[in-house]
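Q: So I've got this file, query_39.cif, and it contains mmCIF, C-alpha atoms:
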data_coords
#
loop_
_atom_site.label_atom_id
_atom_site.label_comp_id
_atom_site.auth_asym_id
_atom_site.auth_seq_id
_atom_site.Cartn_x
_atom_site.Cartn_y
_atom_site.Cartn_z
CA MET A 1 -31.34 -16.88 5.31
CA PHE A 2 -30.06 -18.43 2.08
CA MET A 3 -30.79 -16.59 -1.12
CA ASP A 4 -33.77 -17.81 -3.18
CA TRP A 5 -32.12 -17.73 -6.60
CA SER A 6 -35.25 -18.80 -8.48
CA GLY A 7 -37.13 -15.80 -7.12
CA TRP A 8 -34.30 -13.41 -7.94
CA LEU A 9 -33.66 -14.69 -11.45
CA SER A 10 -37.33 -14.64 -12.39
CA ASN A 11 -37.38 -10.88 -11.81
CA PRO A 12 -35.08 -8.93 -14.21
CA VAL A 13 -35.13 -5.93 -11.88
CA MET A 14 -33.21 -7.98 -9.33
CA TRP A 15 -30.50 -9.14 -11.72
CA PRO A 16 -28.11 -6.24 -10.87
CA PHE A 17 -28.41 -7.11 -7.18
CA ALA A 18 -27.69 -10.77 -7.88
CA ALA A 19 -24.67 -9.77 -9.98
CA PHE A 20 -23.41 -7.53 -7.16
CA HIS A 21 -23.84 -10.38 -4.68
CA LEU A 22 -21.83 -12.77 -6.86
CA TRP A 23 -19.16 -10.11 -7.41
CA MET A 24 -18.66 -9.65 -3.66
CA LEU A 25 -18.77 -13.41 -3.07
CA VAL A 26 -16.10 -14.11 -5.68
CA ASP A 27 -13.94 -11.22 -4.44
CA ALA A 28 -14.10 -12.52 -0.86
CA ALA A 29 -13.02 -15.98 -2.08
CA ARG A 30 -10.19 -14.48 -4.15
CA ARG A 31 -8.88 -12.59 -1.09
CA GLN A 32 -9.39 -15.71 1.09
CA GLU A 33 -11.67 -13.72 3.38
CA TRP A 34 -13.50 -16.88 4.42
CA VAL A 35 -15.40 -15.36 7.32
CA TRP A 36 -16.77 -12.66 5.04
CA PHE A 37 -17.45 -15.30 2.38
CA ALA A 38 -19.60 -17.26 4.82
CA PHE A 39 -21.53 -14.20 5.96
CA ILE A 40 -22.11 -13.03 2.39
CA PHE A 41 -23.27 -16.49 1.34
CA VAL A 42 -25.60 -17.09 4.29
CA PHE A 43 -26.81 -13.50 4.83
CA PRO A 44 -26.69 -11.68 1.48
CA ILE A 45 -27.63 -8.06 0.70
CA ILE A 46 -26.61 -6.46 4.00
CA ASN A 47 -23.27 -8.29 4.12
CA ASP A 48 -22.67 -7.58 0.43
CA ILE A 49 -22.93 -3.87 1.23
CA LEU A 50 -20.82 -4.11 4.39
CA TYR A 51 -18.11 -6.07 2.59
CA PHE A 52 -18.05 -3.57 -0.28
CA PHE A 53 -17.41 -0.59 2.02
CA LEU A 54 -15.31 -2.22 4.74
CA VAL A 55 -13.07 -4.48 2.64
CA PHE A 56 -13.39 -4.06 -1.12
CA ARG A 57 -13.55 -0.26 -1.31
CA ALA A 58 -11.06 0.24 1.52
CA ASP A 59 -8.52 -1.91 -0.30
CA ARG A 60 -9.10 -0.20 -3.66
CA SER A 61 -8.93 3.28 -2.15
CA SER A 62 -5.14 3.18 -2.06
CA VAL A 63 -3.50 2.72 -5.43
CA SER A 64 -0.14 2.63 -3.70
CA THR A 65 -0.92 -0.47 -1.66
CA GLY A 66 2.30 -1.93 -0.31
CA PHE A 67 4.18 1.34 -0.83
CA GLU A 68 2.51 3.43 1.84
CA LEU A 69 4.11 6.25 3.78
CA PRO A 70 3.82 6.06 7.56
CA GLY A 71 0.43 7.37 8.74
CA GLN A 72 -3.15 7.39 7.48
CA HIS A 73 -5.44 9.79 5.67
CA LYS A 74 -9.03 10.95 6.05
CA ARG A 75 -11.30 12.75 3.63
CA GLU A 76 -12.29 15.29 6.28
CA ARG A 77 -8.64 16.14 6.84
CA ILE A 78 -8.22 17.09 3.17
CA ALA A 79 -10.90 19.76 3.41
CA GLU A 80 -9.41 21.04 6.66
CA LEU A 81 -5.92 21.24 5.16
CA GLU A 82 -7.12 23.05 2.06
CA LYS A 83 -8.82 25.62 4.27
CA GLN A 84 -5.68 26.09 6.37
CA ILE A 85 -3.55 26.47 3.25
CA HIS A 86 -5.91 29.11 1.92
CA LEU A 87 -5.73 31.06 5.17
CA LEU A 88 -2.15 30.47 6.35
CA ASP A 89 -0.15 28.95 3.46
CA LYS A 90 2.24 27.09 5.79
CA ALA A 91 4.80 24.56 4.54
CA HIS A 92 3.68 21.83 6.94
CA HIS A 93 0.10 22.08 5.67
CA HIS A 94 1.27 21.60 2.07
CA LEU A 95 3.38 18.65 3.20
CA GLU A 96 0.55 16.93 5.02
CA LEU A 97 -1.79 17.44 2.07
CA ALA A 98 0.87 15.99 -0.24
CA ASP A 99 1.19 12.92 2.00
CA VAL A 100 -2.57 12.41 1.87
CA ARG A 101 -2.54 12.64 -1.93
CA PHE A 102 0.36 10.19 -2.02
CA GLN A 103 -1.61 7.71 0.09
CA GLN A 104 -4.53 8.05 -2.31
CA GLY A 105 -2.27 7.28 -5.26
CA LYS A 106 -2.74 10.79 -6.71
CA PHE A 107 0.94 11.30 -7.35
CA LYS A 108 0.73 14.31 -9.71
CA GLN A 109 -1.31 16.24 -7.17
CA ALA A 110 1.04 15.11 -4.42
CA GLU A 111 4.03 16.32 -6.44
CA GLU A 112 2.56 19.81 -6.70
CA SER A 113 1.97 20.00 -2.95
CA TYR A 114 5.47 18.68 -2.15
CA ARG A 115 7.00 21.36 -4.36
CA ARG A 116 4.97 24.05 -2.63
CA ALA A 117 6.10 22.74 0.75
CA LEU A 118 9.74 22.82 -0.34
CA GLU A 119 9.40 26.32 -1.74
CA ARG A 120 8.51 27.42 1.78
CA GLU A 121 10.87 25.08 3.71
CA PRO A 122 13.64 23.88 1.35
CA GLN A 123 15.51 21.92 4.04
CA ASP A 124 12.53 20.05 5.48
CA ILE A 125 13.78 16.47 5.54
CA ASP A 126 10.31 14.90 5.47
CA ALA A 127 9.29 16.97 2.46
CA ARG A 128 12.47 16.05 0.58
CA ALA A 129 12.13 12.34 1.39
CA HIS A 130 8.46 12.10 0.51
CA TYR A 131 8.94 14.17 -2.64
CA GLY A 132 11.61 11.69 -3.66
CA GLN A 133 9.21 8.79 -3.10
CA CYS A 134 6.58 10.60 -5.14
CA LEU A 135 8.97 11.12 -8.04
CA LEU A 136 9.82 7.42 -7.89
CA ARG A 137 6.12 6.52 -8.26
CA LEU A 138 5.99 8.88 -11.24
CA ASN A 139 8.83 6.88 -12.87
CA ARG A 140 11.31 9.72 -12.41
CA ALA A 141 13.94 7.77 -10.48
CA ALA A 142 16.85 9.91 -11.67
CA GLU A 143 15.26 12.98 -10.07
CA ALA A 144 14.39 11.07 -6.92
CA ARG A 145 17.88 9.68 -6.31
CA PRO A 146 19.71 12.84 -5.08
CA LEU A 147 16.83 13.71 -2.78
CA LEU A 148 16.67 10.28 -1.15
CA GLU A 149 20.44 9.81 -0.98
CA ALA A 150 20.82 13.14 0.81
CA VAL A 151 18.06 12.28 3.28
CA CYS A 152 19.49 8.84 4.04
CA ALA A 153 22.98 10.28 4.47
CA GLU A 154 21.62 12.75 7.04
CA GLN A 155 19.33 10.28 8.80
CA PRO A 156 19.81 6.61 7.81
CA LYS A 157 16.77 5.64 9.91
CA HIS A 158 14.51 8.36 8.51
CA ASP A 159 10.83 7.43 8.48
CA TYR A 160 11.67 4.15 10.25
CA GLY A 161 13.55 2.85 7.21
CA TYR A 162 10.96 3.82 4.59
CA SER A 163 13.31 6.32 2.97
CA LEU A 164 16.03 3.67 2.66
CA MET A 165 13.53 1.28 1.08
CA ALA A 166 12.58 3.96 -1.43
CA LEU A 167 16.26 4.60 -2.15
CA ALA A 168 16.73 0.89 -2.83
CA GLU A 169 13.89 1.00 -5.38
CA VAL A 170 15.46 4.03 -7.02
CA ARG A 171 18.79 2.25 -7.32
CA VAL A 172 17.11 -0.79 -8.88
CA ALA A 173 15.30 1.44 -11.38
CA LEU A 174 18.62 3.05 -12.31
CA GLY A 175 20.48 -0.24 -12.75
CA ASP A 176 22.32 -0.36 -9.42
CA PRO A 177 21.21 -3.64 -7.76
CA ASP A 178 24.29 -3.81 -5.53
CA GLY A 179 23.46 -0.38 -4.11
CA ALA A 180 19.87 -1.51 -3.59
CA VAL A 181 20.99 -4.63 -1.71
CA ALA A 182 23.22 -2.53 0.54
CA ALA A 183 20.32 -0.22 1.41
CA LEU A 184 17.89 -3.06 2.07
CA GLU A 185 20.39 -4.96 4.23
CA LYS A 186 20.47 -1.91 6.52
CA VAL A 187 16.67 -1.89 6.70
CA VAL A 188 16.19 -5.60 7.48
CA ALA A 189 18.96 -5.47 10.09
CA GLU A 190 16.74 -3.23 12.25
CA ASN A 191 13.19 -3.79 10.99
CA SER A 192 10.92 -6.71 10.12
CA TYR A 193 9.11 -5.13 7.17
CA ALA A 194 7.82 -7.69 4.71
CA ARG A 195 8.38 -5.16 1.93
CA ALA A 196 12.09 -4.83 2.62
CA ARG A 197 12.70 -8.54 3.08
CA VAL A 198 10.83 -9.53 -0.06
CA GLN A 199 12.55 -6.90 -2.19
CA LEU A 200 15.91 -7.98 -0.81
CA ALA A 201 15.05 -11.64 -1.41
CA GLU A 202 14.12 -10.93 -5.03
CA LEU A 203 17.40 -9.09 -5.63
CA LEU A 204 19.42 -11.87 -3.99
CA ALA A 205 17.59 -14.53 -6.02
CA ALA A 206 18.41 -12.63 -9.21
CA CYS A 207 22.08 -12.65 -8.15
CA GLY A 208 22.04 -16.41 -7.56
CA GLN A 209 21.89 -16.26 -3.75
CA THR A 210 18.92 -18.61 -3.70
CA GLU A 211 19.36 -19.98 -0.18
CA ARG A 212 19.30 -16.60 1.54
CA ALA A 213 16.45 -15.44 -0.69
CA LEU A 214 14.41 -18.52 0.21
CA GLN A 215 15.11 -17.98 3.90
CA LEU A 216 13.83 -14.39 3.77
CA ALA A 217 10.72 -15.35 1.80
CA THR A 218 9.95 -18.19 4.20
CA GLU A 219 10.25 -15.86 7.19
CA VAL A 220 7.77 -13.43 5.65
CA VAL A 221 5.21 -16.15 4.94
CA SER A 222 5.59 -17.76 8.37
CA GLU A 223 5.26 -14.51 10.29
CA ASP A 224 2.21 -13.50 8.28
CA LYS A 225 0.27 -16.47 9.68
CA VAL A 226 0.43 -15.09 13.22
CA ALA A 227 0.34 -11.36 12.42
CA PRO A 228 -2.61 -9.12 13.39
CA GLU A 229 -5.33 -8.79 10.75
CA TYR A 230 -4.55 -5.13 9.96
CA GLN A 231 -0.90 -6.01 9.34
CA ARG A 232 -1.82 -8.99 7.17
CA ARG A 233 -4.03 -6.80 5.02
CA GLN A 234 -1.33 -4.14 4.69
CA GLU A 235 1.42 -6.61 3.79
CA LYS A 236 -0.68 -8.92 1.61
CA PRO A 237 1.01 -7.88 -1.69
CA TRP A 238 4.42 -8.69 -0.25
CA VAL A 239 3.35 -12.01 1.24
CA SER A 240 1.99 -13.02 -2.17
CA ARG A 241 5.35 -12.17 -3.74
CA ALA A 242 7.13 -14.11 -1.00
CA ASN A 243 5.00 -17.18 -1.74
CA ARG A 244 5.85 -16.97 -5.44
CA LEU A 245 9.52 -16.57 -4.58
CA LYS A 246 9.40 -19.67 -2.35
CA LYS A 247 8.03 -21.76 -5.21
CA ILE A 248 10.71 -20.54 -7.60
CA GLY A 249 13.45 -20.92 -5.01
CA ARG A 250 12.56 -24.49 -4.14
CA ALA A 251 12.59 -25.40 -7.82
CA HIS A 252 16.22 -24.26 -8.04
CA VAL A 253 17.54 -25.57 -4.72
#
Re-express the file's structure as structure tokens.

A:
Amino acid sequence: MFMDWSGWLSNPVMWPFAAFHLWMLVDAARRQEWVWFAFIFVFPIINDILYFFLVFRADRSSVSTGFELPGQHKRERIAELEKQIHLLDKAHHHLELADVRFQQGKFKQAEESYRRALEREPQDIDARAHYGQCLLRLNRAAEARPLLEAVCAEQPKHDYGYSLMALAEVRVALGDPDGAVAALEKVVAENSYARARVQLAELLAACGQTERALQLATEVVSEDKVAPEYQRRQEKPWVSRANRLKKIGRAHV
């Protein structure tokens, strides 16, 4: 049923609940989650709580949204890994725990676990690549570059192109846009990642290649409209950037 605002507002005890309801309602509108918006508006309280845990909190749980490593993490797995590390102290356990911390956006903790993994298996290509990505998120691009360049030289398709995308970001951070474009061109030639295409489009636009940049941005926006919901949620930051790029590109065409 619809919320009786007069009843709620006349009781100060209920004000926090009303504020929470409005918070979730506004957030759903901001994210353009119109189905959730309708449910929250028509059936408050229970849908406020469901939206908070299923959408709002899930989205906020990953600080590195848009820069994820392949795979997912679970809280229960953290406890299991910590127990296995205590008992066995294996490199692959440290690596998996580091990846979980990376996904959570806890990059300093991830860095420590990556270093422990590499102390035990110095040539592990996944550990080197992910450690490089972690250093990049810690704004230590100069340290990340040799790690990622070595990985991409050994396996150009490592992590399905994620390592090449990270290398491109490193090169941008170190003032090498041409090197970044070269890396991203390899990624988009074999993958349809919104992240890679948008980053490439932004670099091309900065170099004056507006037409190609606009084409890439338009592709990302068009494909998002027919993508599965989980993919749309994952790539939402990049689609937003593609939309902004389209507006700027059209103004200069």

Q: So which residues get picked by the PyMOL selection byres ((chain A and resi 228-243) around 9) here, written as a list in words?

A: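 With the PyMOL selection byres ((chain A and resi 228-243) around 9) on this model, the match is Asp59, Thr65, Gly66, Glu68, Tyr193, Ala194, Arg195, Arg197, Val198, Gln199, Ala201, Glu202, Leu214, Leu216, Ala217, Thr218, Glu219, Val220, Val221, Asp224, Lys225, Val226, Ala227, Arg244, Leu245, Lys246, Lys247 and Ile248 of chain A.
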
Q: What does the PyMOL selection byres ((chain A and resi 96) around 10) select in this file, as a list in words?

A: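 Checking the PyMOL selection byres ((chain A and resi 96) around 10) against this file, the residues are His73, Arg77, Ile78, Leu81, Ala91, His92, His93, His94, Leu95, Leu97, Ala98, Asp99, Val100, Arg101, Phe102, Ala110, Ser113, Tyr114, Ala117, Asp126 and Ala127 of chain A.
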
Q: At a cut-off of 12 Å, using only C-alpha atoms, what residues contact A:Pro177? Leave out same-chain residues fewer than 4 positions from it and give the result as a PyMOL selection string.

A: chain A and resi 167-173+181-184+199-207

Q: Please dump the current selection as a short mmCIF file (atom, residue, chain, number, x, y, z; two decimals), in the coordinates of the input; keep C-alpha atoms.

A:
data_model
loop_
_atom_site.label_atom_id
_atom_site.label_comp_id
_atom_site.auth_asym_id
_atom_site.auth_seq_id
_atom_site.Cartn_x
_atom_site.Cartn_y
_atom_site.Cartn_z
CA LEU A 167 16.26 4.60 -2.15
CA ALA A 168 16.73 0.89 -2.83
CA GLU A 169 13.89 1.00 -5.38
CA VAL A 170 15.46 4.03 -7.02
CA ARG A 171 18.79 2.25 -7.32
CA VAL A 172 17.11 -0.79 -8.88
CA ALA A 173 15.30 1.44 -11.38
CA VAL A 181 20.99 -4.63 -1.71
CA ALA A 182 23.22 -2.53 0.54
CA ALA A 183 20.32 -0.22 1.41
CA LEU A 184 17.89 -3.06 2.07
CA GLN A 199 12.55 -6.90 -2.19
CA LEU A 200 15.91 -7.98 -0.81
CA ALA A 201 15.05 -11.64 -1.41
CA GLU A 202 14.12 -10.93 -5.03
CA LEU A 203 17.40 -9.09 -5.63
CA LEU A 204 19.42 -11.87 -3.99
CA ALA A 205 17.59 -14.53 -6.02
CA ALA A 206 18.41 -12.63 -9.21
CA CYS A 207 22.08 -12.65 -8.15
#

Q: Just the number, please: distance in Å from atom CA of A:Leu138 to atom CA of A:Lys106, one decimal.

A: 10.0 Å

Q: If I take atom CA of A:Gln155 and atom CA of A:Ile125, how far is one from the other in Å, to one decimal?

A: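 For atom CA of A:Gln155 relative to atom CA of A:Ile125, the distance reads 8.9 Å.
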
Q: Tell me, in Å to one decimal, how far atom CA of A:Met24 is from atom CA of A:Ile40.

A: 7.7 Å

Q: The PyMOL selection byres ((chain A and resi 143-146) around 9) on the file shown: which residues, as an MDAnalysis selection string?

A: chainID A and resid 129 131:136 140:142 147:151 167 170:171 174

Q: Pick out the closest residue to A:Glu154 from this set: A:Asn139, A:Ser222, A:Gln123, A:Asn47. Count only C-alpha atoms.

A: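 Looking at the shortest contact to A:Glu154, the residue is A:Gln123.
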